[in-house]
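Here the structure comes first, spelled out in structure tokens, and everything after it is commentary.
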There are 2 protein chains.
Amino acid sequence: MSATYELIIIGAGPAGLTAGIYAKRAGLDVLVIEDPSLPSQALSATQIENYPGFPQGISGRELIERFRKQAEGIGVEFKKGKVYNLTLLSSQRWEVESEEGKARGIALIIASGAHPKELGVKGERELKGKGVSYCAICDGNFFREQEIVVVGGGNSALEASLFLSKIVKKIVLVHRRDELRGVKVLQKRVFANRKISVCWNSIVEEILGEDRVEGVRVFNLRSGEKQIIPCAGVFIQVGSVPNTEFVKDVVERDKEGYIITDEKMCASREGIFASGDCRSTALRQVITACGDGALAVVSAQQYIHQQRS
Amino acid sequence: MSATYELIIIGAGPAGLTAGIYAKRAGLDVLVIEDPSLPSQALSATQIENYPGFPQGISGRELIERFRKQAEGIGVEFKKGKVYNLTLLSSQRWEVESEEGKARGIALIIASGAHPKELGVKGERELKGKGVSYCAICDGNFFREQEIVVVGGGNSALEASLFLSKIVKKIVLVHRRDELRGVKVLQKRVFANRKISVCWNSIVEEILGEDRVEGVRVFNLRSGEKQIIPCAGVFIQVGSVPNTEFVKDVVERDKEGYIITDEKMCASREGIFASGDCRSTALRQVITACGDGALAVVSAQQYIHQQRS
């Protein structure tokens with residue numbers, strides 16, 4: 001017989017932890033299930049400067065630790081394990097199957113986040129962990145005083161480049177367009193940084209090397225020219241993919257796999273709510289994920305009360 | 001000739017300050033106008049335990065100061081003054097008239113918050129500041145070792161009672177229903193607190209006293225009985241009213257005066273966005289206000305780019 005909760009939250013990033021805090025404070029009997037193989041992307045943020053409350057900025061790791069401590073402090077229960085199935089039982093309870101066994105909940109909040117997108121080029125998977133990385137803060141230190149390539153043009157690529165510039169000797173930022181996408185304040189810092197040069201209008205075609213990354217072959221979309229950039233590491237920062245495979249037959253998702261909800265965080269099935277990076281939304285930030293998490297609890301709570309009455 | 005900005009934010013609470021941080025980081029030319037006569041309600045929160053990132057809790061004042069410091073640190077421009085009119089000029093710019101003069105913006109984010117609701121009973125206005133208060137953290141200290149009444153049953157009433165219990169001698173919490181509305185964790189603490197007793201099913205009919213509060217006359221909705229509770233202070237915590245009078249002829253508001261937006265924070269007029277406590281929404285918390293503020297900037301930014309192109 002599986003344990004029964006009022007609310008099960010899947011994910012322990014900003015959305016899941018905020019939901020946990022709000023749920024516990026609301027007196028709900030709540031379980032948070034986290035998948036250690038899919039850590040919160042916030043953990044890899046070297047310096048978060050736009051989460052309100054930390055004027056000097058804070059590392060993603062420290063911020064998440066603070067969220068966690070707050071949730072644990074109020075008594076939120078955590079379990080580890082990959083969730084692979086959700087089933088609606090005839091009792092109108094949702095059964096969550098994970099590596100750790102089964103648990104039942106009246107309501108579920110999916111806050112499973114997203115993971116880094118791969119480039120999908122030759123050499124990428126082969127050299128993963130051998131010079132190919134998706135997390136500057138995790139792996140930057142392996143490339144001290146070496147030359148590296150960062151791929152992307154959004155906030156995470158710019159943040160990674162700026163962070164790495166304090167460690168490595170030289171950075172080439174490879175970007176497919178002729179202007180960066182990241183916020184202006186980060187763009188300015190990148191352009192002012194002598195260690196960083198931008199390789200515009202270019203895509204990485206292949207990551208080169210036998211046992212270790214030795215370079216990347218780059219294709220210029222305008223000139224049609226190819227070029228090899230020698231480097232010891234490649235940091236890929238080209239966006240993310242939602243961790244929503246396990247709900248693909250359960251709730252509606254958009255084309256990219258993000259869970260579709262209304263503004264109250266209700267997904268397409270009764271009793272299921274979604275929050276944070278796994279949700280189809282205009283902005284994916286720590287602060288918006290936290291707001292989502294709080295809102296999802298209010299909606300889940302209303303649903304739980306209806307089911308009980 | 002009035003100064004022209006890309007974005008003008010009206011309000012400097014959690015939503016307005018977060019919007020300021022996001023706007024400045026996005027490279028927008030932004031002005032924040034704050035009305036000193038309508039301070040953020042967060043400032044009166046004695047202890048905020050559900051804003052993620054502060055496991056030990058944080059006072060509303062300190063949290064707002066941190067937001068402010070973060071906004072100022074990145075160079076957000078502030079002006080003080082009550083805003084009394086918004087006009088769309090033929091140039092498609094919005095003109096904001098405040099006590100301090102006029103300013104023009106391509107886009108506006110209304111983040112003007114809300115203020116405490118009055119009971120609307122005899123003696124309330126007459127004795128305001130003479131024992132009648134809407135802010136426990138501001139005025140609690142005036143009632144050291146005295147007997148007081150708190151009116152309300154939601155989170156703010158419970159938080160105020162708990163805060164005041166450390167200062168005053170005795171508290172009667174007067175609530176119109178037979179159960180409290182606040183979150184369970186606060187309810188438990190209130191019930192466990194020996195200084196606090198609850199006067200159920202009752203409303204305050206009149207606040208008594210000549211130059212100072214001397215008591216309240218309470219009417220029991222079930223029994224029909226009246227009763228005088230002697231007290232030196234009355235803290236009224238019965239909800240809030242949005243600070244949206246100045247937009248009443250400009251954008252659509254709901255029955256209670258909250259600004260109606262879509263999920264991207266767009267109000268009913270092009271170029272106007274709304275965030276935080278002044279917005280019609282299911283949950284009004286610091287964390288949701290901050291999330292709103294960030295989202296409003298993304299929408300405002302898209303609008304500004306369209307106007308420019």
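Naming scheme: A, B, ... for chains in displayed order of the structure tokens; residues 1 onward per chain; ligands 1 onward as shown.
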
Taking only C-alpha atoms into account, produce a table as CSV in which each residue of chain B with an atom at most 7 Å from an atom of chain A appears once, together with its shortest atom pair and the distance in Å to one decimal, ordered by chain and rising number.
residue,atom,partner,partner_atom,distance
B:Thr18,CA,A:Pro52,CA,6.3
B:Ile21,CA,A:Asn50,CA,6.7
B:Tyr22,CA,A:Asn50,CA,6.9
B:Arg25,CA,A:Val185,CA,5.1
B:Ala26,CA,A:Val183,CA,4.6
B:Gly27,CA,A:Lys184,CA,4.9
B:Asn50,CA,A:Ile21,CA,6.7
B:Pro52,CA,A:Phe67,CA,5.5
B:Gly53,CA,A:Arg66,CA,5.1
B:Phe54,CA,A:Arg66,CA,6.5
B:Pro55,CA,A:Gln70,CA,4.1
B:Leu63,CA,A:Gly53,CA,6.2
B:Arg66,CA,A:Gly53,CA,5.1
B:Phe67,CA,A:Gly53,CA,5.2
B:Lys69,CA,A:Pro55,CA,6.0
B:Gln70,CA,A:Pro55,CA,4.0
B:Val183,CA,A:Ala26,CA,4.7
B:Lys184,CA,A:Gly27,CA,5.0
B:Val185,CA,A:Arg25,CA,5.2
B:Glu263,CA,A:Glu263,CA,6.0
B:Leu283,CA,A:Leu295,CA,6.5
B:Ile287,CA,A:Gly291,CA,5.3
B:Thr288,CA,A:Gly291,CA,4.3
B:Cys290,CA,A:Ile287,CA,6.7
B:Gly291,CA,A:Thr288,CA,4.3
B:Leu295,CA,A:Leu283,CA,6.5

Handout entry: Expected answer as an MDAnalysis selection string: strand (DSSP E or B) residues in range 63-307 of chain A
Key = chainID A and resid 77:80 83:88 94:98 101:110 114:116 122 128 132:133 147:151 170:174 196:199 202:208 215:220 226:230 233:236 240:242 253 259 266 272:274 279

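Look at range 89-104 of chain A: the protein and nucleic acid residues within 10 Å of it, using only C-alpha atoms and passing over chain neighbours fewer than 6 places away, are Met1, Ser2, Ala3, Thr4, Tyr5, Glu6, Leu7, Ile8, Ile10, Leu31, Ile33, Glu34, Asp35, Lys79, Lys80, Gly81, Lys82, Val83, Glu270, Gly271, Ile272 and Gln307 of chain A.
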
Residue selection dump (C-alpha atoms) as an mmCIF file, in the first residue's frame:
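Output saved as result-v9.cif:
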data_model
loop_
_atom_site.group_PDB
_atom_site.id
_atom_site.type_symbol
_atom_site.label_atom_id
_atom_site.label_comp_id
_atom_site.auth_asym_id
_atom_site.auth_seq_id
_atom_site.Cartn_x
_atom_site.Cartn_y
_atom_site.Cartn_z
ATOM 1 C CA MET A 1 0.000 0.000 0.000
ATOM 2 C CA SER A 2 1.487 3.301 -1.089
ATOM 3 C CA ALA A 3 1.657 6.341 1.157
ATOM 4 C CA THR A 4 -1.052 8.958 0.573
ATOM 5 C CA TYR A 5 -0.520 12.710 0.678
ATOM 6 C CA GLU A 6 -2.760 15.658 0.016
ATOM 7 C CA LEU A 7 -0.189 17.126 -2.355
ATOM 8 C CA ILE A 8 2.828 15.688 -4.143
ATOM 9 C CA ILE A 10 7.621 16.727 -8.375
ATOM 10 C CA LEU A 31 5.728 15.352 -0.238
ATOM 11 C CA ILE A 33 9.996 14.103 -4.915
ATOM 12 C CA GLU A 34 13.274 15.160 -6.493
ATOM 13 C CA ASP A 35 15.197 13.480 -9.280
ATOM 14 C CA LYS A 79 12.145 11.803 -1.287
ATOM 15 C CA LYS A 80 14.656 11.118 -4.029
ATOM 16 C CA GLY A 81 13.900 9.231 -7.235
ATOM 17 C CA LYS A 82 13.093 9.569 -10.910
ATOM 18 C CA VAL A 83 9.361 9.783 -11.547
ATOM 19 C CA GLU A 270 -7.935 17.960 -12.930
ATOM 20 C CA GLY A 271 -5.686 17.817 -9.917
ATOM 21 C CA ILE A 272 -2.501 18.473 -11.869
ATOM 22 C CA GLN A 307 -12.320 16.897 -3.324
#

Exercise for the section: Step one, run DSSP on the backbone; step two, keep only residues of range 65-301 of chain B assigned to helix (DSSP H, G or I); then write them as a VMD selection string. Expected result: chain B and resid 65 to 73 136 to 143 155 to 164 184 to 192 245 to 247 276 to 278 286 to 301

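Coordinates place CA of Ala107 in chain A at a distance of 11.4 Å from CA of Leu86 in chain A.
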
Problem - Gap from CA of Phe246 in chain B to CA of Ile110 in chain B - Å, one decimal - result: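 These two atoms are separated by 10.4 Å.
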
Handout entry: Spatial neighbours of range 247-257 of chain A, 8 Å, only C-alpha atoms, chain gap at least 6 places, as a list in words
Key =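 Using only C-alpha atoms, the neighbours found are Asn85, Leu86, Val241, Ala267, Ser268, Arg269 and Ser280 of chain A.
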
Practice task
Identify, on the basis of only C-alpha atoms, every residue whose closest approach to range 144-152 of chain B does not exceed 6 Å; exclude the query and any residue fewer than 3 positions from it along the same chain; express the result as JSON, numbers by chain.
Solution key: {"B": [141, 157, 167, 168, 169, 170, 171, 172, 173, 174, 175, 231, 232, 233, 234, 235, 236, 237, 238]}

Next, the residues of the selection above should be written as an mmCIF file, in the first residue's frame with C-alpha atoms.
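Full text of result.cif as output:
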data_model
loop_
_atom_site.group_PDB
_atom_site.id
_atom_site.type_symbol
_atom_site.label_atom_id
_atom_site.label_comp_id
_atom_site.auth_asym_id
_atom_site.auth_seq_id
_atom_site.Cartn_x
_atom_site.Cartn_y
_atom_site.Cartn_z
ATOM 1 C CA ASN B 141 5.566 49.803 20.589
ATOM 2 C CA ALA B 157 -4.347 39.832 11.344
ATOM 3 C CA ILE B 167 4.956 43.692 23.258
ATOM 4 C CA VAL B 168 1.496 44.081 24.739
ATOM 5 C CA LYS B 169 -0.131 42.536 27.791
ATOM 6 C CA LYS B 170 -3.227 41.024 26.207
ATOM 7 C CA ILE B 171 -4.845 40.757 22.797
ATOM 8 C CA VAL B 172 -8.434 40.093 21.788
ATOM 9 C CA LEU B 173 -8.662 39.082 18.149
ATOM 10 C CA VAL B 174 -12.115 40.019 16.871
ATOM 11 C CA HIS B 175 -13.198 37.978 13.869
ATOM 12 C CA CYS B 231 -8.491 48.477 25.152
ATOM 13 C CA ALA B 232 -5.830 51.097 24.512
ATOM 14 C CA GLY B 233 -5.371 50.258 20.844
ATOM 15 C CA VAL B 234 -7.178 48.762 17.865
ATOM 16 C CA PHE B 235 -5.208 47.235 15.007
ATOM 17 C CA ILE B 236 -7.378 46.907 11.914
ATOM 18 C CA GLN B 237 -6.264 44.126 9.570
ATOM 19 C CA VAL B 238 -9.248 43.411 7.347
#

Exercise for the section: Can you work out which one of A:Thr87, A:Ser161, A:Ser156, A:Gln301 has the shortest atom-to-atom distance to Val198 in chain A, counting only C-alpha atoms? Expected result: A:Ser161

Handout entry: Shell of 12 Å around Glu205 in chain A, only C-alpha atoms, local chain residues under 2 positions omitted, as a PyMOL selection string
Key = chain A and resi 119-124+151+174+176+202-203+207-208+215-221+225-229

Take the residues from that selection and put them in a file with N, CA and C atoms, as a short mmCIF file (atom, residue, chain, number, x, y, z; two decimals), in the first residue's frame.
data_model
loop_
_atom_site.label_atom_id
_atom_site.label_comp_id
_atom_site.auth_asym_id
_atom_site.auth_seq_id
_atom_site.Cartn_x
_atom_site.Cartn_y
_atom_site.Cartn_z
N LEU A 119 23.62 20.49 -28.78
CA LEU A 119 23.77 21.02 -30.14
C LEU A 119 23.36 19.97 -31.16
N GLY A 120 23.62 18.71 -30.82
CA GLY A 120 23.32 17.63 -31.76
C GLY A 120 24.35 17.51 -32.87
N VAL A 121 25.60 17.79 -32.53
CA VAL A 121 26.65 17.67 -33.57
C VAL A 121 27.60 16.53 -33.23
N LYS A 122 28.34 16.13 -34.24
CA LYS A 122 29.30 15.05 -34.09
C LYS A 122 30.35 15.44 -33.03
N GLY A 123 30.70 14.52 -32.20
CA GLY A 123 31.71 14.77 -31.17
C GLY A 123 31.13 15.23 -29.85
N GLU A 124 29.86 15.70 -29.88
CA GLU A 124 29.29 16.27 -28.66
C GLU A 124 29.12 15.21 -27.56
N VAL A 151 29.23 28.36 -26.75
CA VAL A 151 28.27 28.40 -27.86
C VAL A 151 26.94 28.95 -27.36
N VAL A 174 30.78 31.65 -29.84
CA VAL A 174 30.25 31.36 -31.18
C VAL A 174 28.73 31.54 -31.16
N ARG A 176 25.14 32.22 -33.64
CA ARG A 176 24.61 32.04 -35.00
C ARG A 176 24.10 33.32 -35.65
N SER A 202 27.80 32.28 -36.91
CA SER A 202 28.47 30.99 -37.08
C SER A 202 27.86 29.90 -36.21
N ILE A 203 27.91 28.69 -36.76
CA ILE A 203 27.45 27.55 -35.98
C ILE A 203 28.58 26.53 -35.85
N ILE A 207 32.58 18.89 -33.04
CA ILE A 207 33.54 19.05 -31.95
C ILE A 207 34.65 18.04 -32.18
N LEU A 208 35.85 18.54 -32.23
CA LEU A 208 36.98 17.72 -32.66
C LEU A 208 37.80 17.22 -31.47
N GLY A 215 39.31 21.05 -30.45
CA GLY A 215 38.85 22.22 -31.20
C GLY A 215 37.43 22.05 -31.67
N VAL A 216 36.93 23.08 -32.35
CA VAL A 216 35.60 22.97 -32.97
C VAL A 216 35.71 23.43 -34.42
N ARG A 217 34.91 22.79 -35.29
CA ARG A 217 34.84 23.28 -36.65
C ARG A 217 33.60 24.14 -36.76
N VAL A 218 33.80 25.37 -37.23
CA VAL A 218 32.75 26.36 -37.25
C VAL A 218 32.40 26.72 -38.69
N PHE A 219 31.12 26.91 -38.95
CA PHE A 219 30.65 27.26 -40.29
C PHE A 219 30.02 28.64 -40.24
N ASN A 220 30.52 29.55 -41.08
CA ASN A 220 29.96 30.90 -41.12
C ASN A 220 28.77 30.94 -42.07
N LEU A 221 27.59 31.23 -41.51
CA LEU A 221 26.35 31.17 -42.28
C LEU A 221 26.27 32.25 -43.36
N GLU A 225 32.16 30.14 -45.17
CA GLU A 225 33.50 29.63 -44.87
C GLU A 225 33.50 28.73 -43.63
N LYS A 226 34.44 27.80 -43.65
CA LYS A 226 34.64 26.95 -42.48
C LYS A 226 35.96 27.31 -41.83
N GLN A 227 36.03 27.05 -40.53
CA GLN A 227 37.20 27.48 -39.78
C GLN A 227 37.33 26.54 -38.58
N ILE A 228 38.54 26.20 -38.23
CA ILE A 228 38.73 25.41 -37.01
C ILE A 228 39.24 26.30 -35.89
N ILE A 229 38.53 26.29 -34.78
CA ILE A 229 38.99 27.05 -33.61
C ILE A 229 39.57 26.04 -32.62
#

Exercise for the section: Find the distance between CA of Val132 in chain B and CA of Gly209 in chain B and write it in Å to one decimal. Expected result: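 Computing the Euclidean distance for CA of Val132 in chain B and CA of Gly209 in chain B yields 10.6 Å.
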